[in-house]
>>> print(open('my_file06.cif').read())   # mmCIF, C-alpha atoms
data_target
#
loop_
_atom_site.label_atom_id
_atom_site.label_comp_id
_atom_site.auth_asym_id
_atom_site.auth_seq_id
_atom_site.Cartn_x
_atom_site.Cartn_y
_atom_site.Cartn_z
CA ASP A 1 -14.54 11.81 -41.94
CA ALA A 2 -11.37 11.31 -43.91
CA GLY A 3 -10.39 7.66 -44.19
CA ILE A 4 -7.26 7.62 -42.05
CA THR A 5 -6.28 4.85 -39.68
CA GLN A 6 -3.25 4.47 -37.46
CA SER A 7 -1.84 1.30 -35.97
CA PRO A 8 -1.24 0.44 -33.28
CA ARG A 9 -3.41 2.81 -31.28
CA HIS A 10 -1.45 2.18 -28.10
CA LYS A 11 2.01 0.75 -27.57
CA VAL A 12 4.36 0.33 -24.64
CA THR A 13 7.95 -0.48 -25.47
CA GLU A 14 11.33 -0.54 -23.79
CA THR A 15 14.19 1.86 -24.31
CA GLY A 16 16.45 0.80 -27.16
CA THR A 17 13.91 -1.24 -29.08
CA PRO A 18 12.81 -0.36 -32.62
CA VAL A 19 9.21 0.74 -33.14
CA THR A 20 7.21 1.28 -36.33
CA LEU A 21 3.94 3.15 -36.49
CA ARG A 22 1.69 2.85 -39.51
CA CYS A 23 -0.61 5.37 -41.13
CA HIS A 24 -3.06 4.16 -43.76
CA GLN A 25 -5.34 6.33 -45.89
CA THR A 26 -8.11 5.48 -48.31
CA GLU A 27 -8.42 9.00 -49.77
CA ASN A 28 -5.63 8.71 -52.34
CA HIS A 29 -4.19 12.02 -51.10
CA ARG A 30 -0.69 12.84 -52.19
CA TYR A 31 0.60 14.48 -48.99
CA MET A 32 1.08 12.74 -45.67
CA TYR A 33 2.53 14.00 -42.40
CA TRP A 34 3.66 12.71 -39.01
CA TYR A 35 3.30 14.96 -35.94
CA ARG A 36 3.95 14.42 -32.27
CA GLN A 37 1.91 16.02 -29.50
CA ASP A 38 3.40 16.73 -26.11
CA PRO A 39 2.01 18.74 -23.19
CA GLY A 40 2.95 22.40 -23.51
CA HIS A 41 4.12 22.04 -27.11
CA GLY A 42 1.03 21.60 -29.24
CA LEU A 43 1.73 19.50 -32.34
CA ARG A 44 5.12 19.48 -34.02
CA LEU A 45 6.00 18.10 -37.44
CA ILE A 46 8.38 15.13 -37.54
CA HIS A 47 8.48 14.19 -41.24
CA TYR A 48 6.26 14.56 -44.25
CA SER A 49 5.82 12.98 -47.68
CA TYR A 50 4.85 14.63 -50.95
CA GLY A 51 4.61 11.43 -52.94
CA VAL A 52 5.67 7.80 -53.08
CA LYS A 53 9.30 7.58 -51.98
CA ASP A 54 9.43 11.39 -51.58
CA THR A 55 9.90 12.50 -47.99
CA ASP A 56 11.42 15.37 -46.07
CA LYS A 57 12.24 16.35 -42.51
CA GLY A 58 10.17 18.47 -40.18
CA GLU A 59 11.28 20.41 -37.13
CA VAL A 60 11.74 17.44 -34.74
CA SER A 61 13.06 14.70 -37.02
CA ASP A 62 16.07 13.52 -34.97
CA GLY A 63 15.69 9.85 -33.98
CA TYR A 64 12.93 9.19 -36.53
CA SER A 65 12.83 7.85 -40.07
CA VAL A 66 9.95 7.40 -42.50
CA SER A 67 9.10 5.44 -45.58
CA ARG A 68 6.37 5.58 -48.17
CA SER A 69 6.32 2.76 -50.70
CA LYS A 70 2.65 3.12 -51.57
CA THR A 71 0.34 6.13 -51.78
CA GLU A 72 -1.84 4.82 -48.99
CA ASP A 73 0.80 3.97 -46.39
CA PHE A 74 3.24 6.16 -44.48
CA LEU A 75 5.44 4.49 -41.86
CA LEU A 76 7.22 6.18 -38.97
CA THR A 77 10.14 4.28 -37.41
CA LEU A 78 11.92 4.93 -34.17
CA GLU A 79 15.20 3.07 -34.72
CA SER A 80 16.05 2.90 -31.02
CA ALA A 81 13.29 4.25 -28.83
CA THR A 82 14.11 6.64 -25.98
CA SER A 83 12.00 7.90 -23.10
CA SER A 84 11.92 11.36 -24.72
CA GLN A 85 9.93 9.82 -27.58
CA THR A 86 7.04 9.00 -25.28
CA SER A 87 4.28 10.98 -26.93
CA VAL A 88 1.07 10.86 -28.91
CA TYR A 89 1.74 10.53 -32.63
CA PHE A 90 -0.65 11.82 -35.26
CA CYS A 91 -0.71 11.16 -38.96
CA ALA A 92 -2.32 13.70 -41.27
CA ILE A 93 -3.14 13.88 -44.97
CA SER A 94 -3.89 16.63 -47.44
CA GLU A 95 -5.02 16.65 -51.04
CA SER A 96 -2.87 19.42 -52.37
CA THR A 97 -0.35 22.07 -51.52
CA PRO A 98 -1.46 25.51 -50.29
CA GLY A 99 -1.17 26.78 -53.85
CA GLY A 100 -3.65 24.13 -54.94
CA GLY A 101 -6.36 25.33 -52.60
CA LYS A 102 -7.26 22.04 -50.92
CA CYS A 103 -4.50 22.21 -48.38
CA GLU A 104 -6.46 21.38 -45.22
CA GLN A 105 -4.83 18.63 -43.24
CA TYR A 106 -7.04 15.88 -41.84
CA PHE A 107 -5.80 13.84 -38.93
CA GLY A 108 -5.86 10.22 -37.92
CA PRO A 109 -6.95 9.10 -34.44
CA GLY A 110 -3.43 9.11 -32.99
CA THR A 111 -1.12 6.53 -31.43
CA ARG A 112 -0.10 6.77 -27.79
CA LEU A 113 3.46 5.50 -27.43
CA THR A 114 5.09 4.94 -24.06
CA VAL A 115 8.80 4.16 -23.86
CA THR A 116 9.83 2.73 -20.49
CA ALA B 1 10.26 31.12 -38.76
CA GLN B 2 6.60 31.42 -38.03
CA THR B 3 5.27 31.31 -34.49
CA VAL B 4 1.74 31.00 -33.18
CA THR B 5 0.74 32.18 -29.71
CA GLN B 6 -2.39 31.32 -27.79
CA SER B 7 -2.30 33.42 -24.66
CA GLN B 8 -5.21 31.75 -22.84
CA PRO B 9 -4.22 28.28 -21.55
CA GLU B 10 -7.71 27.69 -20.16
CA MET B 11 -11.14 29.24 -20.50
CA SER B 12 -14.63 28.40 -19.38
CA VAL B 13 -18.07 29.48 -20.53
CA GLN B 14 -21.66 28.76 -19.60
CA GLU B 15 -23.76 26.75 -21.97
CA ALA B 16 -25.56 28.92 -24.59
CA GLU B 17 -23.18 31.84 -24.07
CA THR B 18 -20.55 33.18 -26.46
CA VAL B 19 -16.80 32.81 -25.99
CA THR B 20 -13.81 34.12 -27.93
CA LEU B 21 -10.44 32.37 -28.10
CA SER B 22 -7.39 34.43 -28.98
CA CYS B 23 -4.55 33.66 -31.36
CA THR B 24 -1.70 35.81 -32.61
CA TYR B 25 1.02 34.85 -35.03
CA ASP B 26 4.28 36.15 -36.32
CA THR B 27 5.27 35.92 -39.97
CA SER B 28 6.90 37.90 -42.73
CA GLU B 29 4.78 36.13 -45.34
CA ASN B 30 1.98 37.96 -47.13
CA ASN B 31 0.07 34.90 -48.32
CA TYR B 32 -0.88 32.15 -45.89
CA TYR B 33 -3.69 30.17 -44.33
CA LEU B 34 -4.91 30.09 -40.77
CA PHE B 35 -6.86 27.29 -39.13
CA TRP B 36 -8.60 26.40 -35.92
CA TYR B 37 -8.62 22.75 -34.86
CA LYS B 38 -10.65 21.23 -32.06
CA GLN B 39 -9.41 18.28 -29.99
CA PRO B 40 -12.10 16.80 -27.72
CA PRO B 41 -11.28 14.27 -24.99
CA SER B 42 -11.40 11.54 -27.65
CA ARG B 43 -8.09 13.03 -28.86
CA GLN B 44 -9.27 13.29 -32.47
CA MET B 45 -8.08 16.48 -34.22
CA ILE B 46 -11.03 18.08 -36.00
CA LEU B 47 -10.79 20.97 -38.44
CA VAL B 48 -13.15 23.74 -37.33
CA ILE B 49 -12.52 26.59 -39.72
CA ARG B 50 -10.00 27.97 -42.21
CA GLN B 51 -9.13 31.49 -43.36
CA GLU B 52 -7.11 32.57 -46.39
CA ALA B 53 -5.01 35.65 -45.68
CA TYR B 54 -5.92 37.29 -48.99
CA LYS B 55 -9.61 37.25 -48.11
CA GLN B 56 -10.87 40.23 -46.14
CA GLN B 57 -14.13 38.55 -45.27
CA ASN B 58 -14.04 36.60 -42.03
CA ALA B 59 -14.78 32.89 -42.33
CA THR B 60 -17.83 31.40 -40.65
CA GLU B 61 -18.98 27.82 -40.10
CA ASN B 62 -22.34 27.58 -38.35
CA ARG B 63 -21.75 28.68 -34.72
CA PHE B 64 -18.02 29.25 -35.32
CA SER B 65 -16.62 32.45 -36.77
CA VAL B 66 -13.28 34.19 -36.83
CA ASN B 67 -12.08 37.73 -36.47
CA PHE B 68 -9.08 37.98 -38.77
CA GLN B 69 -7.00 41.13 -38.38
CA LYS B 70 -4.12 40.79 -40.85
CA ALA B 71 -2.27 43.96 -39.91
CA ALA B 72 -2.41 43.05 -36.24
CA LYS B 73 -1.60 39.39 -37.01
CA SER B 74 -4.55 38.30 -34.95
CA PHE B 75 -6.94 35.41 -35.60
CA SER B 76 -9.54 34.87 -32.87
CA LEU B 77 -12.27 32.22 -32.82
CA LYS B 78 -15.78 33.05 -31.63
CA ILE B 79 -18.08 30.26 -30.57
CA SER B 80 -21.72 31.30 -30.31
CA ASP B 81 -24.42 29.45 -28.38
CA SER B 82 -21.81 27.26 -26.69
CA GLN B 83 -22.74 23.61 -26.29
CA LEU B 84 -21.42 20.96 -23.91
CA GLY B 85 -19.90 19.18 -26.91
CA ASP B 86 -17.69 22.20 -27.55
CA THR B 87 -15.62 21.26 -24.51
CA ALA B 88 -12.19 20.56 -25.99
CA MET B 89 -8.69 21.81 -26.60
CA TYR B 90 -8.59 24.35 -29.41
CA PHE B 91 -5.48 24.85 -31.50
CA CYS B 92 -4.71 27.73 -33.81
CA ALA B 93 -2.44 26.85 -36.74
CA PHE B 94 -0.58 28.66 -39.52
CA MET B 95 0.45 27.49 -42.99
CA LYS B 96 2.47 29.36 -45.60
CA GLN B 97 1.02 29.55 -49.09
CA GLN B 98 3.65 28.50 -51.57
CA GLY B 99 4.52 25.64 -53.89
CA GLY B 100 5.30 22.30 -52.31
CA SER B 101 3.77 20.66 -49.28
CA GLU B 102 3.77 22.81 -46.22
CA LYS B 103 3.65 22.13 -42.56
CA LEU B 104 1.20 23.43 -40.04
CA VAL B 105 2.65 25.47 -37.21
CA PHE B 106 0.50 25.08 -34.13
CA GLY B 107 -0.03 27.14 -31.03
CA LYS B 108 0.05 25.40 -27.67
CA GLY B 109 -3.71 25.33 -27.37
CA THR B 110 -6.54 26.66 -25.22
CA LYS B 111 -8.54 24.29 -23.06
CA LEU B 112 -12.19 25.29 -23.24
CA THR B 113 -14.76 23.98 -20.77
CA VAL B 114 -18.44 24.54 -21.36
CA ASN B 115 -20.38 24.40 -18.11
CA PRO B 116 -24.05 23.37 -17.88
#
>>> encode(input="my_file06.cif", output="structure tokens")
Amino acid sequence: DAGITQSPRHKVTETGTPVTLRCHQTENHRYMYWYRQDPGHGLRLIHYSYGVKDTDKGEVSDGYSVSRSKTEDFLLTLESATSSQTSVYFCAISESTPGGGKCEQYFGPGTRLTVT
Amino acid sequence: AQTVTQSQPEMSVQEAETVTLSCTYDTSENNYYLFWYKQPPSRQMILVIRQEAYKQQNATENRFSVNFQKAAKSFSLKISDSQLGDTAMYFCAFMKQQGGSEKLVFGKGTKLTVNP
């Protein structure tokens, strides 16, 4: 199994509070991703990173920001949590781009976030 | 934009039998990857199998195989000798093949139950 951990694994927070989720990898992979999973939607990309301090938006990035100061850590921040951000959040990593061949994404165990 | 459709929200199969999960996708790209991921009740996303669009030969991984029909934009997963541990959500996913990191586009999933 790829060495990916997420913290916390579960969190309940109140509307309007800031929340930061952490993804940590021990694989030294360049690419990291944040997805959210909601019933009826599958997984949708929030943000991704293609290197330290290099990030870009996915399809559902509104209300989220990310940071990557080290290869091994990718942080997802909800600046002011809303009930619509109640979801399961997955981090994923990959070694290379599709052109590089090793483009499979491997996922962390997920974080269940509830915003009340 | 690419879309992935899984038309079977739920399926069931008897242990030891064979089951096929359907997936269709829409893209104007010629080069891409297709994946099947398994999500058991533990919530962990597990890569099952991958297919490169330029390869005519269908991918196989032990009891799992795909039927890739590029012209029809179809990518079905066949599970042979079904086991109780195959009970899970199965997600089909698409990735473009080009320079730079790329996102996975997921279908909404098929819930498979293997009955004893």
>>> resolve_selection(input="my_file06.cif", expression="the PyMOL selection byres ((chain B and resi 84) around 10)", output="PyMOL selection string")
chain B and resi 13-16+82-83+85-88+113-116
>>> closest_atom_pairs(input="my_file06.cif", of="chain B", to="chain A", cutoff="9 Å", atoms="only C-alpha atoms", output="Markdown table")
| residue | atom | partner | partner_atom | distance |
| --- | --- | --- | --- | --- |
| B:Tyr32 | CA | A:Pro98 | CA | 8.0 |
| B:Tyr33 | CA | A:Pro98 | CA | 7.9 |
| B:Phe35 | CA | A:Glu104 | CA | 8.5 |
| B:Ser42 | CA | A:Pro109 | CA | 8.5 |
| B:Arg43 | CA | A:Pro109 | CA | 6.9 |
| B:Gln44 | CA | A:Pro109 | CA | 5.2 |
| B:Met45 | CA | A:Phe107 | CA | 5.9 |
| B:Ile46 | CA | A:Phe107 | CA | 7.3 |
| B:Leu47 | CA | A:Tyr106 | CA | 7.2 |
| B:Arg50 | CA | A:Glu104 | CA | 8.1 |
| B:Phe91 | CA | A:Gly42 | CA | 7.6 |
| B:Met95 | CA | A:Pro98 | CA | 7.8 |
| B:Lys96 | CA | A:Pro98 | CA | 7.2 |
| B:Gln97 | CA | A:Pro98 | CA | 4.9 |
| B:Gln98 | CA | A:Gly99 | CA | 5.6 |
| B:Gly99 | CA | A:Gly99 | CA | 5.8 |
| B:Gly100 | CA | A:Thr97 | CA | 5.7 |
| B:Ser101 | CA | A:Thr97 | CA | 4.9 |
| B:Glu102 | CA | A:Thr97 | CA | 6.8 |
| B:Lys103 | CA | A:Leu45 | CA | 6.9 |
| B:Leu104 | CA | A:Leu45 | CA | 7.6 |
| B:Val105 | CA | A:Arg44 | CA | 7.2 |
| B:Phe106 | CA | A:Leu43 | CA | 6.0 |
| B:Gly107 | CA | A:Gly42 | CA | 5.9 |
| B:Lys108 | CA | A:Gly42 | CA | 4.2 |
| B:Gly109 | CA | A:Gly42 | CA | 6.3 |
>>> resolve_selection(input="my_file06.cif", expression="the PyMOL selection byres ((chain A and resi 75-87) around 7)", output="PyMOL selection string")
chain A and resi 15-23+36-38+63-68+73-74+88-89+112-116
>>> resolve_selection(input="my_file06.cif", expression="the PyMOL selection byres ((chain B and resi 56-62) around 12)", output="MDAnalysis selection string")
chainID B and resid 33:36 47:55 63:71 74:82
>>> atom_distance(input="my_file06.cif", atom1="atom CA of Lys73 of chain B", atom2="atom CA of Tyr25 of chain B")
5.6 Å
>>> closest_residue(input="my_file06.cif", among="A:Thr13, A:Lys57, A:Ile93, A:Pro8", to="Glu27 of chain A", atoms="all atoms listed in the file")
A:Ile93
>>> atom_distance(input="my_file06.cif", atom1="atom CA of Glu10 of chain B", atom2="atom CA of Tyr90 of chain B")
9.9 Å
>>> atom_distance(input="my_file06.cif", atom1="atom CA of Thr71 of chain A", atom2="atom CA of Trp34 of chain A")
14.7 Å
>>> decode(input="my_file06.cif", residues="segment 63-85 of chain B", atoms="C-alpha atoms", output="mmCIF file, in the first residue's frame")
data_model
loop_
_atom_site.group_PDB
_atom_site.id
_atom_site.type_symbol
_atom_site.label_atom_id
_atom_site.label_comp_id
_atom_site.auth_asym_id
_atom_site.auth_seq_id
_atom_site.Cartn_x
_atom_site.Cartn_y
_atom_site.Cartn_z
ATOM 1 C CA ARG B 63 -9.963 -12.420 -11.613
ATOM 2 C CA PHE B 64 -10.547 -8.914 -13.009
ATOM 3 C CA SER B 65 -10.560 -8.136 -16.707
ATOM 4 C CA VAL B 66 -11.893 -5.387 -18.914
ATOM 5 C CA ASN B 67 -13.631 -5.211 -22.247
ATOM 6 C CA PHE B 68 -12.361 -2.010 -23.831
ATOM 7 C CA GLN B 69 -14.223 -0.898 -26.944
ATOM 8 C CA LYS B 70 -12.595 2.370 -28.024
ATOM 9 C CA ALA B 71 -14.912 3.157 -30.919
ATOM 10 C CA ALA B 72 -17.952 2.587 -28.745
ATOM 11 C CA LYS B 73 -16.325 4.427 -25.809
ATOM 12 C CA SER B 74 -17.121 1.525 -23.555
ATOM 13 C CA PHE B 75 -15.027 0.099 -20.713
ATOM 14 C CA SER B 76 -16.690 -2.725 -18.786
ATOM 15 C CA LEU B 77 -15.221 -4.656 -15.852
ATOM 16 C CA LYS B 78 -15.671 -8.416 -15.567
ATOM 17 C CA ILE B 79 -15.193 -10.090 -12.222
ATOM 18 C CA SER B 80 -14.824 -13.857 -12.444
ATOM 19 C CA ASP B 81 -15.327 -16.304 -9.582
ATOM 20 C CA SER B 82 -16.872 -13.574 -7.426
ATOM 21 C CA GLN B 83 -15.878 -13.602 -3.772
ATOM 22 C CA LEU B 84 -17.577 -12.107 -0.726
ATOM 23 C CA GLY B 85 -14.665 -9.672 -0.441
#
